Structures are given as structure tokens and as C-alpha cells.
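Visitor: A single structure is presented below for examination.
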Amino acid sequence: MEAVATEAAMRRSGIIQRYRQWMPVTDATPVITLFEGDTPLIPAPALAAAIDSKLKIYLKYEGLNPTGSFKDRGMTMAISKAVEAGARAVICASTGNTAASAAAYSARAGIKCAVLLPAGEVALGKVSQSLMHGATVIAIDGNFDDALRLVREITDEYPIELVNSLNPYRIEGQKSGAFEICDALDGPPDFHCIPVGNAGNITAYWKGYTEYFNAGRIDRRPKMLGFQAAGSAPIVKGHPIENPETLATAIRIGNPASWKQAEAARDESGGMIDMVTDEEIVEAYKMLARLEGVFCEPASAASVAGLRKTAASGYFSEPATAVCILTGHGLKDPNRAVSCADPLVELPPDKGRILDLLGF
Ligand code: F0G
């Protein structure tokens with residue numbers, strides 16, 4: 001009994017404690033954690049029936065991390081290492097989730113945080129988080145790629161730590177997602193479906209699978225299927241996109257920092273990186289909410305939209321397991337949810353009218 005309790009406690013104590021032997025930490029590293037990770041891997045039978053009955057689909061619901069996105073896995077590492085190195089301040093460019101996570105972990109660590117956001121292109125929930133946690137929130141008249149260029153220049157010249165996924169500790173923390181999937185399934189999935197923006201997460205998952213494979217924990221690695229939004233698909237198109245567009249604002253990125261690493265994950269795994277339209281993203285976003293009861297943000301639904309598109313092309317010839325990474329919570333972007341769903345019905349407080357509407 002005691003061993004079980006200890007294991008459960010370890011699981012809930014954050015990704016650095018849980019996967020300590022795989023993380024670049026020592027006894028001298030102060031662990032700044034909000035008990036991130038240990039997110040559920042939810043079977044999605046109704047979605048599988050709608051997409052391709054040969055598939056067993058699982059949803060890795062990263063929206064259940066402390067700040068509502070997968071970024072917390074990398075941020076616990078990046079902030080812990082920044083504090084260990086004596087940093088007093090961190091900065092990042094962000095489409096919103098990295099900023100929210102950096103702001104929260106900086107607050108917990110008692111250090112300063114500044115975030116650069118593309119003005120008018122960040123979902124409301126994410127802006128509210130960065131502001132509440134006391135970060136200096138700067139909206140620039142430019143896109144994410146402009147913001148990233150600026151923070152790279154600033155951190156090259158001044159003593160302020162960069163906590164975008166160019167920071168290698170971000171990738172180290174995020175690779176824990178792959179460990180959790182393999183531990184939960186007792187092996188790797190056949191296919192790993194993931195949205196691609198700045199391409200840090202696909203890089204991190206591939207690193208995680210590869211480390212487990214090299215250590216003999218798994219006997220093969222999944223095929224990596226990455227999906228960009230059609231209006232922001234530099235890797236698919238083979239060149240940077242100057243003015244990226246998509247309603248999935250989290251992945252509205254035209255020149256991903258980890259471009260080469262994403263291509264390596266694709267090629268070494270025998271997978272692919274494809275793109276999905278905003279219409280396909282919205283359909284998947286609604287299917288997830290209505291068929292499975294799982295509310296994610298639009299960018300996250302790109303993983304399911306991509307799986308659906310791939311299945312429709314006849315790609316899957318035999319039974320297989322596919323894990324879709326749902327990177328962020330649906331409550332991050334309430335405006336998009338309200339504009340995509342059926343409108344609410346306004347009625348006077350009249351029982352007859354209500355029963356009428358309900359068909360009684
Ligand atoms: N999904 C969500 C919800 C995201 O916030 C992001 C990236 C991605 C997918 C793509 O992940 O960049 O590692 O390929 N958001 C970053 C941010 C860019 O600033 O929050 P990626």
C-alpha cells in the first residue's frame with residue numbers, strides 16, 4: 001500500500017520530481033513547481049468512430065496543467081534553472097500560453113517577468129493570466145516572429161533570461177509528456193499527432209520518445225504527425241510566411257525557431273508535417289467538445305483535425321493507436337468558443353416558453 005501511495009504522490013509532485021533522473025537537475029537546483037504534468041490520457045471512442053474505426057484514439061489533455069497549457073512542463077525547468085543561475089528576471093515572446101506560464105512560475109519564484117505579445121492577437125484568457133501574475137505585459141504592433149526577434153536581441157545584450165523554447169531547459173521539461181504517454185500506455189503509441197507553431201513541442205516529444213527508446217524503456221518510437229494551420233504553414237510550404245494568419249492564434253507563427261528539429265522529428269520517425277484549414281480546425285474543436293466532452297483551444301484541435309484529414313486520405317491501413325496532444329484548455333479563448341458554438345437562447349422567465357423550447 002505504501003509503495004502505491006508513494007508512487008501516486010510522486011506523480012503529483014511535478015515533472016521534475018517525477019522524472020528526476022531524466023532531467024538536468026542536481027540537489028542544488030531549486031525546484032520551482034506548480035505540480036504540473038500528470039495530465040490524463042483520455043480514450044476517445046466516439047471520435048474514433050467518427051474519424052476511422054480502425055484507430056484507437058487517446059487525447060493527452062494538457063489543458064489540465066496549472067496554467068492551462070503544456071507550457072508548464074517546460075517552464076518549471078526553465079524557471080528552476082534560471083533561479084539556480086541567479087537570474088532576477090526572465091522574458092519571452094508569446095502567442096499567449098508561454099507568457100501565462102512564464103508569468104505564473106516567475107511569480108512563484110519571486111522573480112520579474114516581461115512578456116512581448118502580438119497586439120490584438122492573443123486570446124483573452126491568456127492576457128488575463130499574464131496580467132494577474134504581475135508580469136510586465138507589452139503588446140507590440142507586430143506578429144510573434146517580430147516579438148521573438150526582439151527578445152532574442154534583448155537577451156543577447158542584457159542580463160535577462162530567455163524562456164522561449166530556444167531555451168534548452170524548456171525542451172527538457174516538455175519531453176516529460178512523451179514519458180507520461182509511454183508510462184500510461186505501457187508502450188509507445190503508433191502515431192503521435194501534434195499542432196506545430198514555433199515547433200518546440202514536437203521537438204521535445206521526439207526527444208522524450210528517443211530517450212525512452214535509447215534506454216530500452218520502449219522498443220520502437222511513434223510516427224510523428226505534426227499539423228500547422230494552413231495560413232501559417234512555413235514548414236509545409238518550405239519557406240517562412242511573412243504575414244501568418246489563422247484563427248488558431250496560438251500557432252500563428254511564420255518562422256518557427258525549431259524548424260530544423262521539427263523536420264528531423266518528422267524524417268527520423270517516418271511521419272509527416274501537414275496543414276489544416278481554419279474550417280477543419282473549428283470542426284475538430286466542436287467534435288472534441290460535443291462527442292467527447294473535452295474542451296480545448298482551437299490550436300490544440302489542429303492535432304485532431306490533422307488526424308481526421310490524414311485518415312480521410314486512406315493513410316491508416318491497419319488498426320493503430322494515435323495520441324492527439326490537446327495543448328491548451330478551451331477556456332483560454334472564450335470569445336472563439338462563443339462565436340463558434342450555437343447561440344444561446346434568450347427567453348423571459350416564463351415556464352411555458354421554456355417547456356416549449358425543450359419540446360415538452
Ligand atoms: N498549442 C498551443 C495551445 C500553443 O500555445 C502553442 C504554442 C502550440 C500549440 C504550438 O507549440 O510552438 O511548441 O510548436 N504557443 C507558443 C506561445 C508559441 O507563445 O504560447 P510549439
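In the C-alpha cells, the first chain shown is A, the next is B, and so on; residue numbers restart at 1 for each chain, and ligands run from 1 in the order shown.
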Write out as a Markdown table the residues of chain A that have any atom within 6 Å of an atom of ligand 1, one row each with the nearest atom pair and its distance in Å to one decimal, counting only C-alpha atoms and all ligand atoms, sorted by chain and then rising number.

Guide:
| residue | atom | partner | partner_atom_place_in_ligand_line | distance |
| --- | --- | --- | --- | --- |
| A:Ser94 | CA | ligand 1 | 19 (O) | 3.1 |
| A:Thr95 | CA | ligand 1 | 19 (O) | 3.9 |
| A:Gly96 | CA | ligand 1 | 20 (O) | 4.5 |
| A:Asn97 | CA | ligand 1 | 20 (O) | 3.5 |
| A:Thr98 | CA | ligand 1 | 20 (O) | 3.8 |
| A:Pro195 | CA | ligand 1 | 9 (C) | 5.1 |
| A:Val196 | CA | ligand 1 | 14 (O) | 3.8 |
| A:Gly197 | CA | ligand 1 | 14 (O) | 3.5 |
| A:Asn198 | CA | ligand 1 | 12 (O) | 3.4 |
| A:Ala199 | CA | ligand 1 | 14 (O) | 3.2 |
| A:Gly200 | CA | ligand 1 | 13 (O) | 3.6 |
| A:Asn201 | CA | ligand 1 | 13 (O) | 3.7 |
| A:Ala250 | CA | ligand 1 | 5 (O) | 4.4 |
| A:Ile251 | CA | ligand 1 | 8 (C) | 5.4 |
| A:Ala299 | CA | ligand 1 | 1 (N) | 4.9 |
| A:Ser300 | CA | ligand 1 | 1 (N) | 5.0 |
| A:Thr327 | CA | ligand 1 | 3 (C) | 4.6 |
| A:Gly328 | CA | ligand 1 | 3 (C) | 4.2 |

Visitor: Go ahead and dump the residues you just picked, C-alpha atoms, as a compact mmCIF listing (two decimals), in the first residue's frame.

Guide:
# COMPACT_ATOMS: atom_id res chain seq x y z
CA SER A 94 4.45 34.66 -26.94
CA THR A 95 1.17 34.00 -28.64
CA GLY A 96 -0.14 33.84 -25.06
CA ASN A 97 0.42 30.50 -23.35
CA THR A 98 4.18 30.74 -22.86
CA PRO A 195 -0.05 21.01 -33.50
CA VAL A 196 3.08 22.81 -34.69
CA GLY A 197 3.72 26.50 -34.10
CA ASN A 198 7.20 27.50 -33.02
CA ALA A 199 7.97 23.74 -33.20
CA GLY A 200 9.37 23.37 -29.69
CA ASN A 201 6.81 20.80 -28.58
CA ALA A 250 -1.54 30.16 -30.56
CA ILE A 251 0.09 28.78 -33.72
CA ALA A 299 -4.78 25.43 -31.90
CA SER A 300 -4.98 22.20 -29.91
CA THR A 327 -2.08 21.55 -25.88
CA GLY A 328 -4.30 24.14 -24.18

Visitor: I want to know what sits within 6 Å of range 24-32 of chain A, based on only C-alpha atoms, with residues of the same chain fewer than 2 positions away left out; could you give that as JSON, numbers by chain?

Guide: {"A": [76, 80, 84]}

Visitor: Can you tell me which residues surround Ser269 in chain A at a distance of at most 10 Å, considering only C-alpha atoms, apart from same-chain residues fewer than 2 positions away, and format the answer as a PDB file with C-alpha atoms, in the first residue's frame?

Guide:
ATOM      1  CA  PHE A 191       1.085   7.727 -34.144  1.00  0.00           C
ATOM      2  CA  TRP A 206      10.589  13.383 -30.123  1.00  0.00           C
ATOM      3  CA  THR A 210      14.050   8.859 -28.241  1.00  0.00           C
ATOM      4  CA  ARG A 220      10.018   1.494 -31.018  1.00  0.00           C
ATOM      5  CA  ARG A 221       9.080   5.142 -31.471  1.00  0.00           C
ATOM      6  CA  PRO A 222       5.824   6.553 -32.851  1.00  0.00           C
ATOM      7  CA  LYS A 223       5.461   8.217 -36.220  1.00  0.00           C
ATOM      8  CA  MET A 224       5.247  11.954 -35.580  1.00  0.00           C
ATOM      9  CA  LEU A 225       2.347  13.673 -37.374  1.00  0.00           C
ATOM     10  CA  GLU A 263      11.852  18.296 -39.749  1.00  0.00           C
ATOM     11  CA  ALA A 264      14.249  15.903 -38.043  1.00  0.00           C
ATOM     12  CA  ALA A 265      11.417  14.509 -35.874  1.00  0.00           C
ATOM     13  CA  ARG A 266       9.279  14.089 -38.971  1.00  0.00           C
ATOM     14  CA  ASP A 267      12.011  12.382 -41.022  1.00  0.00           C
ATOM     15  CA  GLY A 271       5.980  10.727 -40.135  1.00  0.00           C
ATOM     16  CA  MET A 272       4.851  13.951 -41.773  1.00  0.00           C
TER      17      MET A 272
END

Visitor: Given only C-alpha atoms as the basis, pick out the residue of A:Ala320, A:Met77, A:Ala262, A:Cys182 nearest to Leu41 in chain A.

Guide: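 For Leu41 in chain A, the nearest of the candidates is A:Cys182.
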
Visitor: Between CA of Leu326 in chain A and CA of Phe227 in chain A, what is the distance, to one decimal in Å?

Guide: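 About the pair CA of Leu326 in chain A and CA of Phe227 in chain A: they are 12.3 Å apart.
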
Visitor: Quick one: residues within 10 Å of range 284-288 of chain A, only C-alpha atoms counted, chain neighbours fewer than 3 positions away excluded, as a count of residues only?

Guide: 32

Visitor: Using DSSP secondary structure from the backbone, list all alpha helix (DSSP H) positions within range 111-314 of chain A, as a ChimeraX atom specification.

Guide: /A:124-132,144-157,168-174,176-185,200-214,234-237,259-269,278-291,298-312

Visitor: If you measure from CA of Val276 in chain A to CA of Phe179 in chain A, what distance in Å do you get, rounded to one decimal?

Guide: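 Distance reported for this atom pair: 27.3 Å.
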
Visitor: Do you know which residues are at most 9 Å from Tyr58 in chain A counting only C-alpha atoms, after dropping those on the same chain fewer than 3 positions away, and could you put them as a VMD selection string?

Guide: chain A and resid 41 to 45 321 to 325

Visitor: When distances are computed from only C-alpha atoms, which of A:Lys81, A:Arg252, A:Lys207, A:Lys56 shows the smallest separation from Tyr169 in chain A?

Guide: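 For Tyr169 in chain A, the nearest of the candidates is A:Lys81.
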
Visitor: With distances taken over only C-alpha atoms, which residue among A:Lys60, A:Lys54, A:Arg11, A:Arg217 lies nearest Asp38 in chain A?

Guide: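 Nearest to Asp38 in chain A: A:Arg11.
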
Visitor: Can you check which residues of range 66-227 of chain A DSSP gives as strand (DSSP E) on the backbone and send them as number ranges by chain?

Guide: A: 89-93, 112-118, 136-140, 161-162, 191-195, 223-227

Visitor: Write the selection just made, keeping N, CA and C atoms, as a PDB file, in the first residue's frame?

Guide:
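Below is the file that was written, result.pdb:
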ATOM      1  N   ALA A  89      15.374  38.073 -13.536  1.00  0.00           N
ATOM      2  CA  ALA A  89      14.296  38.440 -14.462  1.00  0.00           C
ATOM      3  C   ALA A  89      14.326  37.542 -15.690  1.00  0.00           C
ATOM      4  N   VAL A  90      13.148  37.286 -16.236  1.00  0.00           N
ATOM      5  CA  VAL A  90      13.033  36.499 -17.465  1.00  0.00           C
ATOM      6  C   VAL A  90      12.151  37.246 -18.459  1.00  0.00           C
ATOM      7  N   ILE A  91      12.284  36.854 -19.725  1.00  0.00           N
ATOM      8  CA  ILE A  91      11.471  37.486 -20.776  1.00  0.00           C
ATOM      9  C   ILE A  91      11.124  36.431 -21.825  1.00  0.00           C
ATOM     10  N   CYS A  92       9.991  36.616 -22.494  1.00  0.00           N
ATOM     11  CA  CYS A  92       9.654  35.747 -23.626  1.00  0.00           C
ATOM     12  C   CYS A  92       8.773  36.518 -24.613  1.00  0.00           C
ATOM     13  N   ALA A  93       8.779  36.022 -25.852  1.00  0.00           N
ATOM     14  CA  ALA A  93       7.778  36.414 -26.846  1.00  0.00           C
ATOM     15  C   ALA A  93       6.712  35.341 -26.786  1.00  0.00           C
ATOM     16  N   LYS A 112      11.243  38.707 -11.634  1.00  0.00           N
ATOM     17  CA  LYS A 112      10.484  39.546 -12.568  1.00  0.00           C
ATOM     18  C   LYS A 112      10.261  38.817 -13.893  1.00  0.00           C
ATOM     19  N   CYS A 113       9.160  39.186 -14.538  1.00  0.00           N
ATOM     20  CA  CYS A 113       8.850  38.565 -15.831  1.00  0.00           C
ATOM     21  C   CYS A 113       8.308  39.640 -16.769  1.00  0.00           C
ATOM     22  N   ALA A 114       8.828  39.641 -17.991  1.00  0.00           N
ATOM     23  CA  ALA A 114       8.289  40.522 -19.030  1.00  0.00           C
ATOM     24  C   ALA A 114       7.869  39.658 -20.211  1.00  0.00           C
ATOM     25  N   VAL A 115       6.744  40.000 -20.833  1.00  0.00           N
ATOM     26  CA  VAL A 115       6.270  39.222 -21.988  1.00  0.00           C
ATOM     27  C   VAL A 115       5.942  40.163 -23.143  1.00  0.00           C
ATOM     28  N   LEU A 116       6.332  39.761 -24.347  1.00  0.00           N
ATOM     29  CA  LEU A 116       6.015  40.524 -25.563  1.00  0.00           C
ATOM     30  C   LEU A 116       4.955  39.761 -26.344  1.00  0.00           C
ATOM     31  N   LEU A 117       3.832  40.407 -26.563  1.00  0.00           N
ATOM     32  CA  LEU A 117       2.716  39.756 -27.258  1.00  0.00           C
ATOM     33  C   LEU A 117       2.396  40.503 -28.546  1.00  0.00           C
ATOM     34  N   PRO A 118       1.947  39.782 -29.589  1.00  0.00           N
ATOM     35  CA  PRO A 118       1.449  40.477 -30.777  1.00  0.00           C
ATOM     36  C   PRO A 118       0.116  41.158 -30.442  1.00  0.00           C
ATOM     37  N   THR A 136       5.204  42.163 -16.620  1.00  0.00           N
ATOM     38  CA  THR A 136       5.137  43.367 -17.440  1.00  0.00           C
ATOM     39  C   THR A 136       4.694  42.909 -18.821  1.00  0.00           C
ATOM     40  N   VAL A 137       3.495  43.287 -19.192  1.00  0.00           N
ATOM     41  CA  VAL A 137       2.912  42.784 -20.445  1.00  0.00           C
ATOM     42  C   VAL A 137       3.020  43.867 -21.511  1.00  0.00           C
ATOM     43  N   ILE A 138       3.763  43.566 -22.573  1.00  0.00           N
ATOM     44  CA  ILE A 138       3.995  44.554 -23.624  1.00  0.00           C
ATOM     45  C   ILE A 138       3.391  44.021 -24.928  1.00  0.00           C
ATOM     46  N   ALA A 139       2.423  44.760 -25.451  1.00  0.00           N
ATOM     47  CA  ALA A 139       1.812  44.373 -26.735  1.00  0.00           C
ATOM     48  C   ALA A 139       2.520  45.157 -27.830  1.00  0.00           C
ATOM     49  N   ILE A 140       3.101  44.459 -28.799  1.00  0.00           N
ATOM     50  CA  ILE A 140       3.801  45.166 -29.874  1.00  0.00           C
ATOM     51  C   ILE A 140       2.969  45.150 -31.158  1.00  0.00           C
ATOM     52  N   GLU A 161      16.952  36.475 -18.661  1.00  0.00           N
ATOM     53  CA  GLU A 161      16.924  35.101 -19.183  1.00  0.00           C
ATOM     54  C   GLU A 161      15.791  34.919 -20.204  1.00  0.00           C
ATOM     55  N   LEU A 162      16.118  34.303 -21.334  1.00  0.00           N
ATOM     56  CA  LEU A 162      15.109  33.994 -22.357  1.00  0.00           C
ATOM     57  C   LEU A 162      14.406  32.685 -21.969  1.00  0.00           C
ATOM     58  N   PHE A 191       1.043   6.393 -33.537  1.00  0.00           N
ATOM     59  CA  PHE A 191       1.085   7.727 -34.144  1.00  0.00           C
ATOM     60  C   PHE A 191       0.942   8.788 -33.057  1.00  0.00           C
ATOM     61  N   HIS A 192       1.695   9.865 -33.236  1.00  0.00           N
ATOM     62  CA  HIS A 192       1.656  10.978 -32.279  1.00  0.00           C
ATOM     63  C   HIS A 192       1.245  12.228 -33.062  1.00  0.00           C
ATOM     64  N   CYS A 193       0.050  12.739 -32.796  1.00  0.00           N
ATOM     65  CA  CYS A 193      -0.477  13.894 -33.550  1.00  0.00           C
ATOM     66  C   CYS A 193      -0.347  15.152 -32.709  1.00  0.00           C
ATOM     67  N   ILE A 194       0.205  16.210 -33.311  1.00  0.00           N
ATOM     68  CA  ILE A 194       0.538  17.382 -32.501  1.00  0.00           C
ATOM     69  C   ILE A 194       0.471  18.656 -33.347  1.00  0.00           C
ATOM     70  N   PRO A 195      -0.092  19.735 -32.781  1.00  0.00           N
ATOM     71  CA  PRO A 195      -0.049  21.012 -33.501  1.00  0.00           C
ATOM     72  C   PRO A 195       1.388  21.539 -33.525  1.00  0.00           C
ATOM     73  N   LYS A 223       5.332   7.292 -35.082  1.00  0.00           N
ATOM     74  CA  LYS A 223       5.461   8.217 -36.220  1.00  0.00           C
ATOM     75  C   LYS A 223       4.915   9.566 -35.761  1.00  0.00           C
ATOM     76  N   MET A 224       5.653  10.620 -36.021  1.00  0.00           N
ATOM     77  CA  MET A 224       5.247  11.954 -35.580  1.00  0.00           C
ATOM     78  C   MET A 224       4.451  12.625 -36.705  1.00  0.00           C
ATOM     79  N   LEU A 225       3.202  12.980 -36.411  1.00  0.00           N
ATOM     80  CA  LEU A 225       2.347  13.673 -37.374  1.00  0.00           C
ATOM     81  C   LEU A 225       2.087  15.084 -36.840  1.00  0.00           C
ATOM     82  N   GLY A 226       2.772  16.055 -37.431  1.00  0.00           N
ATOM     83  CA  GLY A 226       2.632  17.440 -36.980  1.00  0.00           C
ATOM     84  C   GLY A 226       1.696  18.206 -37.900  1.00  0.00           C
ATOM     85  N   PHE A 227       0.932  19.135 -37.323  1.00  0.00           N
ATOM     86  CA  PHE A 227      -0.024  19.889 -38.141  1.00  0.00           C
ATOM     87  C   PHE A 227       0.080  21.390 -37.885  1.00  0.00           C
TER      88      PHE A 227
END
